[in-house]
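Visitor: mmCIF, C-alpha atoms and all ligand atoms, saved as data26.cif, coming up:
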```
data_input
loop_
_atom_site.label_atom_id
_atom_site.label_comp_id
_atom_site.auth_asym_id
_atom_site.auth_seq_id
_atom_site.Cartn_x
_atom_site.Cartn_y
_atom_site.Cartn_z
CA MET A 1 0.00 0.00 0.00
CA ALA A 2 1.38 3.39 -0.98
CA ARG A 3 0.47 6.80 0.35
CA ILE A 4 -0.87 8.88 -2.55
CA GLY A 5 -1.77 12.58 -2.51
CA PHE A 6 -4.50 13.37 -5.05
CA VAL A 7 -5.37 16.95 -6.06
CA GLY A 8 -8.38 17.79 -8.28
CA LEU A 9 -11.42 15.57 -7.66
CA GLY A 10 -13.66 16.81 -10.47
CA ASN A 11 -15.45 14.87 -13.21
CA MET A 12 -12.32 12.93 -14.05
CA GLY A 13 -10.23 13.08 -10.86
CA GLY A 14 -13.09 11.86 -8.64
CA GLY A 15 -13.28 8.48 -10.35
CA MET A 16 -9.50 8.20 -10.70
CA ALA A 17 -8.90 8.80 -6.97
CA ALA A 18 -11.66 6.29 -6.17
CA ASN A 19 -9.88 3.64 -8.27
CA LEU A 20 -6.60 4.22 -6.42
CA ALA A 21 -8.42 3.77 -3.09
CA LYS A 22 -10.12 0.65 -4.48
CA GLY A 23 -6.65 -0.62 -5.41
CA GLY A 24 -5.80 -0.62 -1.68
CA HIS A 25 -3.82 2.62 -1.47
CA ASP A 26 -3.98 5.29 1.22
CA VAL A 27 -5.31 8.24 -0.81
CA ARG A 28 -5.14 11.72 0.76
CA ALA A 29 -7.46 13.76 -1.44
CA PHE A 30 -7.90 17.51 -1.88
CA ASP A 31 -10.17 19.74 -3.97
CA LEU A 32 -11.43 23.30 -3.54
CA SER A 33 -14.98 21.93 -3.72
CA GLU A 34 -16.57 20.57 -0.54
CA ALA A 35 -18.95 18.41 -2.60
CA ALA A 36 -16.01 16.79 -4.40
CA LEU A 37 -14.30 16.11 -1.04
CA ALA A 38 -17.47 14.47 0.29
CA ARG A 39 -17.69 12.21 -2.80
CA ALA A 40 -14.03 11.25 -2.39
CA LYS A 41 -14.65 10.32 1.24
CA GLU A 42 -17.53 8.05 0.21
CA ALA A 43 -15.22 6.44 -2.34
CA GLY A 44 -12.68 5.47 0.35
CA CYS A 45 -10.23 8.43 0.18
CA LEU A 46 -9.21 10.54 3.16
CA PRO A 47 -10.18 14.19 2.51
CA VAL A 48 -7.54 16.71 3.62
CA GLY A 49 -7.50 20.50 3.96
CA SER A 50 -4.97 21.54 1.29
CA ALA A 51 -2.87 20.30 -1.61
CA ALA A 52 0.17 20.70 0.64
CA GLU A 53 -1.39 18.38 3.21
CA ALA A 54 -2.15 15.83 0.48
CA ALA A 55 1.52 15.93 -0.58
CA THR A 56 2.98 15.62 2.93
CA ASP A 57 4.64 12.20 3.38
CA ALA A 58 3.27 11.08 -0.02
CA GLU A 59 5.08 8.49 -2.13
CA PHE A 60 3.11 9.61 -5.19
CA VAL A 61 1.22 12.82 -5.94
CA VAL A 62 -1.41 12.73 -8.69
CA SER A 63 -3.06 15.91 -10.00
CA MET A 64 -6.09 16.26 -12.30
CA LEU A 65 -6.66 20.00 -12.68
CA PRO A 66 -8.38 22.18 -15.30
CA ALA A 67 -5.48 23.97 -17.07
CA GLY A 68 -1.81 25.00 -17.10
CA GLN A 69 -2.16 27.92 -14.68
CA HIS A 70 -3.75 25.67 -12.03
CA VAL A 71 -0.99 23.08 -12.38
CA ARG A 72 1.77 25.72 -12.23
CA SER A 73 0.37 27.36 -9.09
CA VAL A 74 -0.63 24.20 -7.18
CA TYR A 75 2.85 22.67 -7.64
CA ALA A 76 4.78 25.90 -6.97
CA GLU A 77 2.72 27.12 -4.01
CA GLN A 78 1.61 23.90 -2.35
CA ILE A 79 3.22 20.66 -3.45
CA PHE A 80 6.93 21.44 -3.93
CA GLY A 81 7.27 22.78 -0.39
CA ALA A 82 5.56 19.79 1.25
CA VAL A 83 6.37 16.65 -0.68
CA PRO A 84 9.29 14.35 0.29
CA GLY A 85 12.22 14.31 -2.17
CA SER A 86 11.64 10.62 -2.90
CA ALA A 87 8.07 11.12 -4.20
CA LEU A 88 7.01 10.74 -7.82
CA LEU A 89 4.76 13.50 -9.19
CA LEU A 90 2.17 12.62 -11.85
CA ASP A 91 0.17 15.37 -13.51
CA CYS A 92 -2.73 13.87 -15.49
CA SER A 93 -4.36 17.19 -16.49
CA THR A 94 -4.45 18.24 -20.15
CA ILE A 95 -2.28 21.37 -20.24
CA ASP A 96 0.03 23.28 -22.60
CA ILE A 97 3.37 21.66 -23.30
CA ALA A 98 5.31 24.72 -22.06
CA SER A 99 3.64 24.55 -18.61
CA ALA A 100 4.22 20.78 -18.43
CA ARG A 101 7.92 21.25 -19.20
CA ALA A 102 8.27 24.24 -16.84
CA VAL A 103 6.70 22.40 -13.88
CA SER A 104 8.69 19.20 -14.47
CA SER A 105 11.90 21.17 -14.80
CA ALA A 106 11.12 23.04 -11.53
CA ALA A 107 10.50 19.61 -9.95
CA GLY A 108 13.84 18.39 -11.33
CA GLU A 109 15.63 21.38 -9.76
CA LYS A 110 14.27 20.19 -6.40
CA GLY A 111 15.43 16.62 -7.11
CA LEU A 112 11.86 15.40 -7.72
CA ALA A 113 10.88 13.09 -10.59
CA MET A 114 7.76 14.07 -12.53
CA LEU A 115 5.61 12.65 -15.32
CA ASP A 116 3.05 14.40 -17.52
CA ALA A 117 0.38 11.73 -18.00
CA PRO A 118 -2.72 13.14 -19.73
CA VAL A 119 -5.55 10.78 -20.55
CA SER A 120 -7.84 9.81 -23.35
CA GLY A 121 -11.30 8.50 -22.48
CA GLY A 122 -14.03 10.47 -20.77
CA ILE A 123 -15.74 10.41 -17.40
CA ALA A 124 -17.07 6.86 -17.89
CA ALA A 125 -13.53 5.57 -18.53
CA ALA A 126 -12.23 7.51 -15.49
CA ASN A 127 -14.88 5.84 -13.32
CA ALA A 128 -14.30 2.40 -14.83
CA GLY A 129 -10.49 2.60 -14.64
CA THR A 130 -10.15 2.13 -18.40
CA LEU A 131 -8.40 5.37 -19.40
CA THR A 132 -5.50 5.53 -21.87
CA PHE A 133 -2.46 7.32 -20.39
CA MET A 134 0.16 8.93 -22.65
CA VAL A 135 3.18 9.60 -20.53
CA GLY A 136 6.13 12.01 -20.75
CA GLY A 137 9.19 11.73 -18.51
CA SER A 138 12.28 9.62 -17.94
CA ALA A 139 12.16 5.84 -18.46
CA GLU A 140 12.97 5.35 -14.78
CA ALA A 141 10.12 7.60 -13.61
CA PHE A 142 7.77 5.86 -16.06
CA LYS A 143 8.67 2.48 -14.58
CA ARG A 144 7.83 3.76 -11.09
CA GLY A 145 4.58 5.43 -12.17
CA GLU A 146 3.20 2.68 -14.43
CA PRO A 147 1.69 0.48 -11.64
CA ILE A 148 -0.16 3.50 -10.21
CA LEU A 149 -1.44 4.62 -13.63
CA SER A 150 -2.48 1.02 -14.41
CA LEU A 151 -4.98 1.15 -11.55
CA MET A 152 -6.74 4.03 -13.34
CA GLY A 153 -6.36 2.94 -16.95
CA LYS A 154 -6.10 -0.06 -19.22
CA THR A 155 -3.44 1.35 -21.57
CA VAL A 156 -0.32 3.15 -20.34
CA ILE A 157 2.21 4.21 -23.00
CA HIS A 158 5.55 5.97 -22.57
CA ALA A 159 5.60 8.73 -25.21
CA GLY A 160 9.11 10.14 -24.51
CA GLY A 161 10.65 12.85 -22.32
CA ASN A 162 8.79 15.48 -20.27
CA GLY A 163 6.05 17.17 -22.30
CA SER A 164 5.72 14.24 -24.71
CA GLY A 165 2.52 13.02 -23.05
CA GLN A 166 0.91 16.41 -23.63
CA ALA A 167 2.25 16.48 -27.21
CA ALA A 168 0.65 13.09 -27.95
CA LYS A 169 -2.63 14.15 -26.33
CA ILE A 170 -3.07 17.34 -28.36
CA CYS A 171 -2.02 15.70 -31.65
CA ASN A 172 -4.58 12.94 -31.01
CA ASN A 173 -7.35 15.37 -30.14
CA MET A 174 -6.56 17.61 -33.12
CA LEU A 175 -6.99 14.53 -35.32
CA LEU A 176 -10.23 13.66 -33.51
CA GLY A 177 -11.66 17.19 -33.93
CA ALA A 178 -10.91 17.26 -37.65
CA SER A 179 -12.13 13.69 -38.24
CA MET A 180 -15.42 14.36 -36.43
CA ILE A 181 -16.10 17.41 -38.62
CA ALA A 182 -15.21 15.47 -41.79
CA THR A 183 -17.52 12.63 -40.69
CA CYS A 184 -20.36 15.11 -40.03
CA GLU A 185 -19.84 16.73 -43.43
CA ALA A 186 -20.05 13.36 -45.16
CA PHE A 187 -23.28 12.37 -43.35
CA ALA A 188 -24.87 15.78 -44.00
CA MET A 189 -23.98 15.65 -47.69
CA ALA A 190 -25.05 12.01 -48.07
CA GLN A 191 -28.49 12.97 -46.80
CA LYS A 192 -28.72 15.96 -49.16
CA LEU A 193 -27.81 13.60 -52.01
CA GLY A 194 -30.75 11.38 -51.05
CA LEU A 195 -28.88 8.57 -49.27
CA ASP A 196 -30.36 6.91 -46.21
CA PRO A 197 -27.90 7.66 -43.31
CA GLN A 198 -27.89 4.04 -42.05
CA THR A 199 -27.14 2.81 -45.58
CA PHE A 200 -24.31 5.34 -45.89
CA PHE A 201 -22.98 4.19 -42.48
CA ASP A 202 -23.11 0.52 -43.60
CA ILE A 203 -21.15 1.36 -46.76
CA SER A 204 -18.62 3.89 -45.41
CA SER A 205 -17.88 1.98 -42.20
CA LYS A 206 -16.68 -0.87 -44.45
CA SER A 207 -14.92 1.41 -46.95
CA SER A 208 -11.91 3.71 -46.97
CA GLY A 209 -13.77 6.56 -45.21
CA GLN A 210 -14.07 4.42 -42.07
CA ASN A 211 -12.85 6.14 -38.90
CA TRP A 212 -13.49 6.16 -35.12
CA SER A 213 -15.77 9.23 -35.22
CA MET A 214 -18.03 7.27 -37.55
CA THR A 215 -17.93 3.72 -36.22
CA SER A 216 -17.62 4.32 -32.44
CA TYR A 217 -19.05 7.82 -32.05
CA CYS A 218 -21.49 8.33 -34.90
CA PRO A 219 -22.81 11.93 -34.81
CA LEU A 220 -26.30 11.00 -36.05
CA PRO A 221 -28.96 9.59 -33.68
CA GLY A 222 -30.15 6.07 -34.45
CA VAL A 223 -27.15 5.23 -36.63
CA GLY A 224 -24.28 2.95 -35.54
CA PRO A 225 -23.68 2.18 -31.83
CA GLU A 226 -25.34 4.20 -29.06
CA THR A 227 -23.57 7.56 -28.73
CA PRO A 228 -24.25 11.03 -27.22
CA ALA A 229 -26.22 11.80 -30.45
CA ASP A 230 -28.84 9.35 -29.15
CA ARG A 231 -29.10 11.39 -25.92
CA ASP A 232 -29.60 14.72 -27.69
CA TYR A 233 -25.83 15.35 -27.45
CA GLN A 234 -25.85 15.40 -23.61
CA GLY A 235 -22.85 13.94 -21.75
CA GLY A 236 -19.89 12.68 -23.76
CA PHE A 237 -16.97 15.01 -24.55
CA ALA A 238 -18.00 18.66 -24.24
CA THR A 239 -17.39 21.03 -27.15
CA GLY A 240 -15.74 23.43 -24.68
CA LEU A 241 -13.11 20.80 -23.79
CA MET A 242 -12.49 19.96 -27.45
CA LEU A 243 -12.03 23.68 -28.13
CA LYS A 244 -9.58 23.92 -25.21
CA ASP A 245 -7.51 21.04 -26.66
CA LEU A 246 -7.60 22.54 -30.18
CA LYS A 247 -6.36 25.87 -28.83
CA LEU A 248 -3.49 24.04 -27.09
CA ALA A 249 -2.76 22.27 -30.39
CA MET A 250 -2.69 25.56 -32.34
CA GLN A 251 -0.34 27.10 -29.77
CA ALA A 252 1.98 24.07 -29.98
CA ALA A 253 1.84 24.08 -33.80
CA ALA A 254 2.82 27.77 -33.89
CA ASP A 255 5.71 27.13 -31.48
CA ALA A 256 6.92 24.13 -33.51
CA GLY A 257 6.31 25.65 -36.97
CA ALA A 258 3.99 22.76 -37.89
CA ALA A 259 1.50 23.23 -40.76
CA VAL A 260 -1.96 22.30 -39.42
CA PRO A 261 -4.60 23.65 -41.84
CA MET A 262 -7.20 21.00 -40.92
CA GLY A 263 -6.62 21.51 -37.19
CA ALA A 264 -6.94 25.29 -37.65
CA ALA A 265 -10.24 24.85 -39.49
CA ALA A 266 -11.47 22.54 -36.72
CA GLU A 267 -10.54 25.12 -34.07
CA SER A 268 -12.46 27.87 -35.92
CA LEU A 269 -15.54 25.68 -36.39
CA TYR A 270 -15.59 24.57 -32.76
CA GLN A 271 -15.29 28.24 -31.72
CA VAL A 272 -18.36 29.02 -33.88
CA LEU A 273 -20.19 26.10 -32.26
CA ALA A 274 -19.27 27.27 -28.74
CA ASN A 275 -20.35 30.86 -29.59
CA ALA A 276 -23.66 29.48 -30.87
CA GLY A 277 -24.36 27.97 -27.43
CA GLY A 278 -22.97 24.45 -27.96
CA GLY A 279 -20.10 24.64 -25.44
CA ALA A 280 -21.61 22.20 -22.93
CA LEU A 281 -22.95 19.75 -25.52
CA ASP A 282 -21.05 16.78 -26.90
CA PHE A 283 -18.65 17.80 -29.68
CA SER A 284 -20.48 15.62 -32.26
CA VAL A 285 -23.32 18.20 -32.16
CA ILE A 286 -21.28 20.08 -34.76
CA ILE A 287 -23.35 18.19 -37.35
CA LYS A 288 -26.25 20.52 -36.46
CA LEU A 289 -24.08 23.55 -37.20
CA LEU A 290 -23.20 22.12 -40.63
CA ASN A 291 -26.90 21.44 -41.29
CA GLY A 292 -27.87 24.98 -40.25
CA GLU A 293 -30.02 23.64 -37.40
CA SER A 294 -30.43 25.36 -34.05
CA ILE A 295 -27.87 24.05 -31.55
CA SER A 296 -29.74 23.93 -28.27
P1 LIG A 301 -13.38 19.47 -13.59
O1 LIG A 301 -13.53 20.94 -13.75
O2 LIG A 301 -14.58 18.62 -13.42
O3 LIG A 301 -12.39 19.16 -12.36
C1 LIG A 301 -11.30 19.95 -12.00
C2 LIG A 301 -11.27 20.00 -10.48
O4 LIG A 301 -10.10 20.70 -10.07
C3 LIG A 301 -12.48 20.72 -9.87
O5 LIG A 301 -13.14 19.86 -8.96
C4 LIG A 301 -11.86 21.94 -9.18
O6 LIG A 301 -12.52 22.30 -7.97
C5 LIG A 301 -10.45 21.43 -8.91
N1 LIG A 301 -9.49 22.50 -8.70
C6 LIG A 301 -9.27 23.62 -9.42
N2 LIG A 301 -8.28 24.35 -8.89
C7 LIG A 301 -7.85 23.67 -7.80
C8 LIG A 301 -6.85 23.91 -6.82
N3 LIG A 301 -6.10 25.01 -6.86
N4 LIG A 301 -6.68 23.01 -5.83
C9 LIG A 301 -7.46 21.89 -5.78
N5 LIG A 301 -8.43 21.61 -6.67
C10 LIG A 301 -8.62 22.49 -7.66
O7 LIG A 301 -12.53 18.99 -14.87
P2 LIG A 301 -12.38 17.49 -15.42
O8 LIG A 301 -13.41 17.23 -16.46
O9 LIG A 301 -12.20 16.56 -14.29
O10 LIG A 301 -11.00 17.65 -16.23
C11 LIG A 301 -9.74 17.67 -15.55
C12 LIG A 301 -8.65 17.62 -16.60
O11 LIG A 301 -8.83 16.43 -17.39
C13 LIG A 301 -8.69 18.79 -17.59
O12 LIG A 301 -7.36 19.18 -17.86
C14 LIG A 301 -9.38 18.20 -18.83
O13 LIG A 301 -8.99 18.85 -20.03
C15 LIG A 301 -8.87 16.77 -18.79
N6 LIG A 301 -9.73 15.78 -19.46
C16 LIG A 301 -11.09 15.81 -19.27
C17 LIG A 301 -11.87 14.85 -19.94
C18 LIG A 301 -13.38 14.85 -19.75
O14 LIG A 301 -14.07 14.14 -20.51
N7 LIG A 301 -13.93 15.58 -18.78
C19 LIG A 301 -11.29 13.88 -20.76
C20 LIG A 301 -9.89 13.86 -20.90
C21 LIG A 301 -9.12 14.82 -20.23
#
```
In C-alpha cells, what does this structure look like?
Ligand code: NAD

Guide:
Amino acid sequence: MARIGFVGLGNMGGGMAANLAKGGHDVRAFDLSEAALARAKEAGCLPVGSAAEAATDAEFVVSMLPAGQHVRSVYAEQIFGAVPGSALLLDCSTIDIASARAVSSAAGEKGLAMLDAPVSGGIAAANAGTLTFMVGGSAEAFKRGEPILSLMGKTVIHAGGNGSGQAAKICNNMLLGASMIATCEAFAMAQKLGLDPQTFFDISSKSSGQNWSMTSYCPLPGVGPETPADRDYQGGFATGLMLKDLKLAMQAAADAGAAVPMGAAAESLYQVLANAGGGALDFSVIIKLLNGESIS
C-alpha cells in the first residue's frame, strides 16, 4: 500500500482517486470543492484540507486539474514545499506543453521526478479505470509510475521525455476534432444527395472513409452504436473541452512551426459552435451547425 496525494477531484479526478483507493492505497485527497471532497470520502479516500497536506509524506502525488495555470500554481505554491524528495509527481491534467515542461523542470531542480500523464477516455472511462495514459518523462520515472497509472487505466504508453505526453494528447485530439467534422460533413452531404444515413454508415464503415468518429461515435442519432447523439448530445466530450484542446494544439503548432490547416479549421468551427451555445454539448453536435439547425 502506498500513500498517494491526489489533487483535483472533479469529473475525471473523482473516479481516478476512487480507483486508487479501491486498489488498496492510502489516498489523501484535496479539492477546492466541498462536494467533491465528500464524494471522495464516500469512495474510500481521506479528505484533507490543502494540496500541501495531500503531498505531505506522499510516495506519489497525482493531479487532475483544469489547465496549465492551475498546475503551475498548485505545484509551486503547495506541493513542492511539502512533498518528500523521494516522491514521484504525476500530472494527469491536459495542459500546454510549455507549462508541463516548466513544472517538471522546476521539480527536477528540487530533485523530484515528474511525469506528464494526460488521458484519453471520458468520465465513464475515469470511473471504470479504463483510461488511456500517454506519458512524458524519464524511463525510470515511467517504470515507477506505471503500476499506479495502471490502476486508473487499461493502456499506459511511454511517449518520450517530459512534455511528450501532452504532445501526444493534443495531436490525437486535433486529429479527432478534424475527423469528427469530416464525418459530419459526409453524413450531412449524403443525406442531401438522397442517401439513407444508415445505408451510408453501412457502406462507409466498411470502406476507406471508415474512422473512429463514424464507427464508435457516430454523430447521427439512431445510426451505428449508441452515442451522445442518441441522448440529444448530452454527456460525452464537451465542445468546450475539445475547443480547449484545439487551442493548445494551435499554440503548440505555432511554437513548432507545424502546418496544421485542418486543425486550424477545426478550431475555428468549434469556436463558432461554442459561440452558438454548444459549449456544454457533446462535440459531435457540430453536425447541427453544418446542417444549419439550431444548436440547443
Ligand atoms: P473538472 O472541472 O470537473 O475538475 C477539475 C477539479 O479541479 C475541480 O473539482 C476543481 O474544484 C479542482 N481545482 C481547481 N483548482 C484547484 C486547486 N487550486 N486546488 C485543488 N483543486 C482544484 O474537470 P475534469 O473534467 O475533471 O477535467 C480535468 C482535466 O482532465 C482537464 O485538464 C481536462 O482537459 C482533462 N480531461 C477531461 C476529460 C473529460 O471528458 N472531462 C477527458 C480527458 C481529459

Visitor: Grab me every residue within 6 Å of ligand LIG 301 (chain A), counting only C-alpha atoms and all ligand atoms, and send it over as a count of residues only.

Guide: 26

Visitor: Which of these residues is nearest to Leu269 (chain A), using all atoms listed in the file: A:Asp232, A:Ala238, A:Val156, A:Ala178?

Guide: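 Answer, going by the shortest atom-to-atom distance: A:Ala178.
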
Visitor: I'd like to know which of A:Val135, A:Val62, A:Ile295, A:Ala254 is closest to Ala87 (chain A), using all atoms listed in the file.

Guide: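 Once distances to Ala87 (chain A) are computed over all atoms listed in the file, the minimum belongs to A:Val62.
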
Visitor: Quick one, how far is CA of Leu89 (chain A) from CA of Pro118 (chain A)?

Guide: 12.9 Å

Visitor: Find the residues near region 42-48 of chain A: any atom within 12 Å, counting only C-alpha atoms, skip ones fewer than 6 places away on the same chain, and give them as a PyMOL selection string.

Guide: chain A and resi 3-9+13-36+54-56+127

Visitor: Excluding region 160-168 of chain A and its own-chain neighbours fewer than 2 positions away, which residues fall within 6 Å of it when counting all atoms listed in the file? Please give them as a ChimeraX atom specification.

Guide: /A:97,100-101,116-117,134-138,158,170-171

Visitor: Those residues you just picked out, can you put them in a file as a PDB file, keeping the file's coordinate frame with C-alpha atoms?

Guide:
```
ATOM      1  CA  ILE A  97       3.370  21.660 -23.300  1.00  0.00           C
ATOM      2  CA  ALA A 100       4.220  20.780 -18.430  1.00  0.00           C
ATOM      3  CA  ARG A 101       7.920  21.250 -19.200  1.00  0.00           C
ATOM      4  CA  ASP A 116       3.050  14.400 -17.520  1.00  0.00           C
ATOM      5  CA  ALA A 117       0.380  11.730 -18.000  1.00  0.00           C
ATOM      6  CA  MET A 134       0.160   8.930 -22.650  1.00  0.00           C
ATOM      7  CA  VAL A 135       3.180   9.600 -20.530  1.00  0.00           C
ATOM      8  CA  GLY A 136       6.130  12.010 -20.750  1.00  0.00           C
ATOM      9  CA  GLY A 137       9.190  11.730 -18.510  1.00  0.00           C
ATOM     10  CA  SER A 138      12.280   9.620 -17.940  1.00  0.00           C
ATOM     11  CA  HIS A 158       5.550   5.970 -22.570  1.00  0.00           C
ATOM     12  CA  ILE A 170      -3.070  17.340 -28.360  1.00  0.00           C
ATOM     13  CA  CYS A 171      -2.020  15.700 -31.650  1.00  0.00           C
TER      14      CYS A 171
END
```

Visitor: Got a sec: who's within 12 Å of region 189-203 of chain A, counting only C-alpha atoms, leaving out chain neighbours fewer than 5 positions off, as a PyMOL selection string?

Guide: chain A and resi 182-184+208-211+213-225+287+290-291

Visitor: Would you save the residues of that selection, restricted to C-alpha atoms, as a short mmCIF file (atom, residue, chain, number, x, y, z; two decimals), keeping the file's coordinate frame?

Guide:
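File part_37.cif, as written:
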```
data_model
loop_
_atom_site.label_atom_id
_atom_site.label_comp_id
_atom_site.auth_asym_id
_atom_site.auth_seq_id
_atom_site.Cartn_x
_atom_site.Cartn_y
_atom_site.Cartn_z
CA ALA A 182 -15.21 15.47 -41.79
CA THR A 183 -17.52 12.63 -40.69
CA CYS A 184 -20.36 15.11 -40.03
CA SER A 208 -11.91 3.71 -46.97
CA GLY A 209 -13.77 6.56 -45.21
CA GLN A 210 -14.07 4.42 -42.07
CA ASN A 211 -12.85 6.14 -38.90
CA SER A 213 -15.77 9.23 -35.22
CA MET A 214 -18.03 7.27 -37.55
CA THR A 215 -17.93 3.72 -36.22
CA SER A 216 -17.62 4.32 -32.44
CA TYR A 217 -19.05 7.82 -32.05
CA CYS A 218 -21.49 8.33 -34.90
CA PRO A 219 -22.81 11.93 -34.81
CA LEU A 220 -26.30 11.00 -36.05
CA PRO A 221 -28.96 9.59 -33.68
CA GLY A 222 -30.15 6.07 -34.45
CA VAL A 223 -27.15 5.23 -36.63
CA GLY A 224 -24.28 2.95 -35.54
CA PRO A 225 -23.68 2.18 -31.83
CA ILE A 287 -23.35 18.19 -37.35
CA LEU A 290 -23.20 22.12 -40.63
CA ASN A 291 -26.90 21.44 -41.29
#
```

Visitor: Do you have the CA of Tyr270 (chain A)-CA of Ile286 (chain A) distance handy?

Guide: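 So the answer is 7.5 Å.
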
Visitor: Leaving out Ala76 (chain A) and any residue of its chain fewer than 5 positions from it, which residues lie within 12 Å of it when counting only C-alpha atoms, given as number ranges by chain?

Guide: A: 51-52, 69-71, 81-83, 99, 102-107, 110

Visitor: Find, counting only C-alpha atoms, the residue in A:Gln251, A:Ala58, A:Lys41, A:Gly236 that gets nearest to Ala125 (chain A).

Guide: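 The shortest atom-to-atom distance to Ala125 (chain A) comes from A:Gly236.
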
Visitor: I'd like the neighbourhood of Glu293 (chain A) as number ranges by chain, where a residue qualifies if any of its atoms comes within 12 Å (using all atoms listed in the file), though same-chain residues fewer than 5 positions away should be ignored.

Guide: A: 188, 273, 276, 278, 285-288

Visitor: So, with all atoms listed in the file as the atoms that count, which of A:Leu248, A:Lys154, A:Ser296, A:Pro228 lies closest to Gly68 (chain A)?

Guide: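 Among A:Leu248, A:Lys154, A:Ser296, A:Pro228, it is A:Leu248 that comes nearest to Gly68 (chain A).
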
Visitor: Do you have the CA of Arg144 (chain A)-CA of Ala124 (chain A) distance handy?

Guide: 26.0 Å

Visitor: Which of these residues is nearest to Gly145 (chain A), using all atoms listed in the file: A:Asp91, A:Glu267, A:Glu226, A:Asp282?

Guide: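 The closest residue to Gly145 (chain A) is A:Asp91.
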
Visitor: Using only C-alpha atoms, which of A:Gly111, A:Gly292, A:Gly129, A:Gly277 sits nearest Ser150 (chain A)?

Guide: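 Answer, going by the shortest atom-to-atom distance: A:Gly129.
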
Visitor: Restore all heavy atoms in region 236-241 of chain A and list the result as a PDB file, in the frame of the given file.

Guide:
```pdb
ATOM      1  N   GLY A 236     -20.959  12.838 -22.757  1.00  0.00           N
ATOM      2  CA  GLY A 236     -19.890  12.680 -23.760  1.00  0.00           C
ATOM      3  C   GLY A 236     -18.736  13.643 -23.533  1.00  0.00           C
ATOM      4  O   GLY A 236     -18.389  13.969 -22.401  1.00  0.00           O
ATOM      5  N   PHE A 237     -18.154  14.134 -24.619  1.00  0.00           N
ATOM      6  CA  PHE A 237     -16.970  15.010 -24.550  1.00  0.00           C
ATOM      7  C   PHE A 237     -17.417  16.420 -24.969  1.00  0.00           C
ATOM      8  O   PHE A 237     -17.763  16.658 -26.137  1.00  0.00           O
ATOM      9  CB  PHE A 237     -15.889  14.462 -25.487  1.00  0.00           C
ATOM     10  CG  PHE A 237     -14.591  15.225 -25.449  1.00  0.00           C
ATOM     11  CD1 PHE A 237     -14.000  15.591 -24.246  1.00  0.00           C
ATOM     12  CD2 PHE A 237     -13.940  15.569 -26.622  1.00  0.00           C
ATOM     13  CE1 PHE A 237     -12.800  16.293 -24.214  1.00  0.00           C
ATOM     14  CE2 PHE A 237     -12.737  16.255 -26.611  1.00  0.00           C
ATOM     15  CZ  PHE A 237     -12.168  16.620 -25.399  1.00  0.00           C
ATOM     16  N   ALA A 238     -17.418  17.335 -23.995  1.00  0.00           N
ATOM     17  CA  ALA A 238     -18.000  18.660 -24.240  1.00  0.00           C
ATOM     18  C   ALA A 238     -17.221  19.431 -25.310  1.00  0.00           C
ATOM     19  O   ALA A 238     -15.988  19.398 -25.355  1.00  0.00           O
ATOM     20  CB  ALA A 238     -18.009  19.455 -22.943  1.00  0.00           C
ATOM     21  N   THR A 239     -17.969  20.153 -26.132  1.00  0.00           N
ATOM     22  CA  THR A 239     -17.390  21.030 -27.150  1.00  0.00           C
ATOM     23  C   THR A 239     -16.356  21.976 -26.534  1.00  0.00           C
ATOM     24  O   THR A 239     -15.298  22.223 -27.120  1.00  0.00           O
ATOM     25  CB  THR A 239     -18.534  21.836 -27.809  1.00  0.00           C
ATOM     26  OG1 THR A 239     -19.331  20.922 -28.564  1.00  0.00           O
ATOM     27  CG2 THR A 239     -18.018  22.942 -28.703  1.00  0.00           C
ATOM     28  N   GLY A 240     -16.661  22.499 -25.330  1.00  0.00           N
ATOM     29  CA  GLY A 240     -15.740  23.430 -24.680  1.00  0.00           C
ATOM     30  C   GLY A 240     -14.383  22.789 -24.405  1.00  0.00           C
ATOM     31  O   GLY A 240     -13.338  23.443 -24.524  1.00  0.00           O
ATOM     32  N   LEU A 241     -14.385  21.488 -24.048  1.00  0.00           N
ATOM     33  CA  LEU A 241     -13.110  20.800 -23.790  1.00  0.00           C
ATOM     34  C   LEU A 241     -12.377  20.512 -25.095  1.00  0.00           C
ATOM     35  O   LEU A 241     -11.148  20.617 -25.162  1.00  0.00           O
ATOM     36  CB  LEU A 241     -13.356  19.500 -23.017  1.00  0.00           C
ATOM     37  CG  LEU A 241     -13.740  19.656 -21.541  1.00  0.00           C
ATOM     38  CD1 LEU A 241     -13.995  18.294 -20.911  1.00  0.00           C
ATOM     39  CD2 LEU A 241     -12.651  20.389 -20.762  1.00  0.00           C
TER      40      LEU A 241
END
```
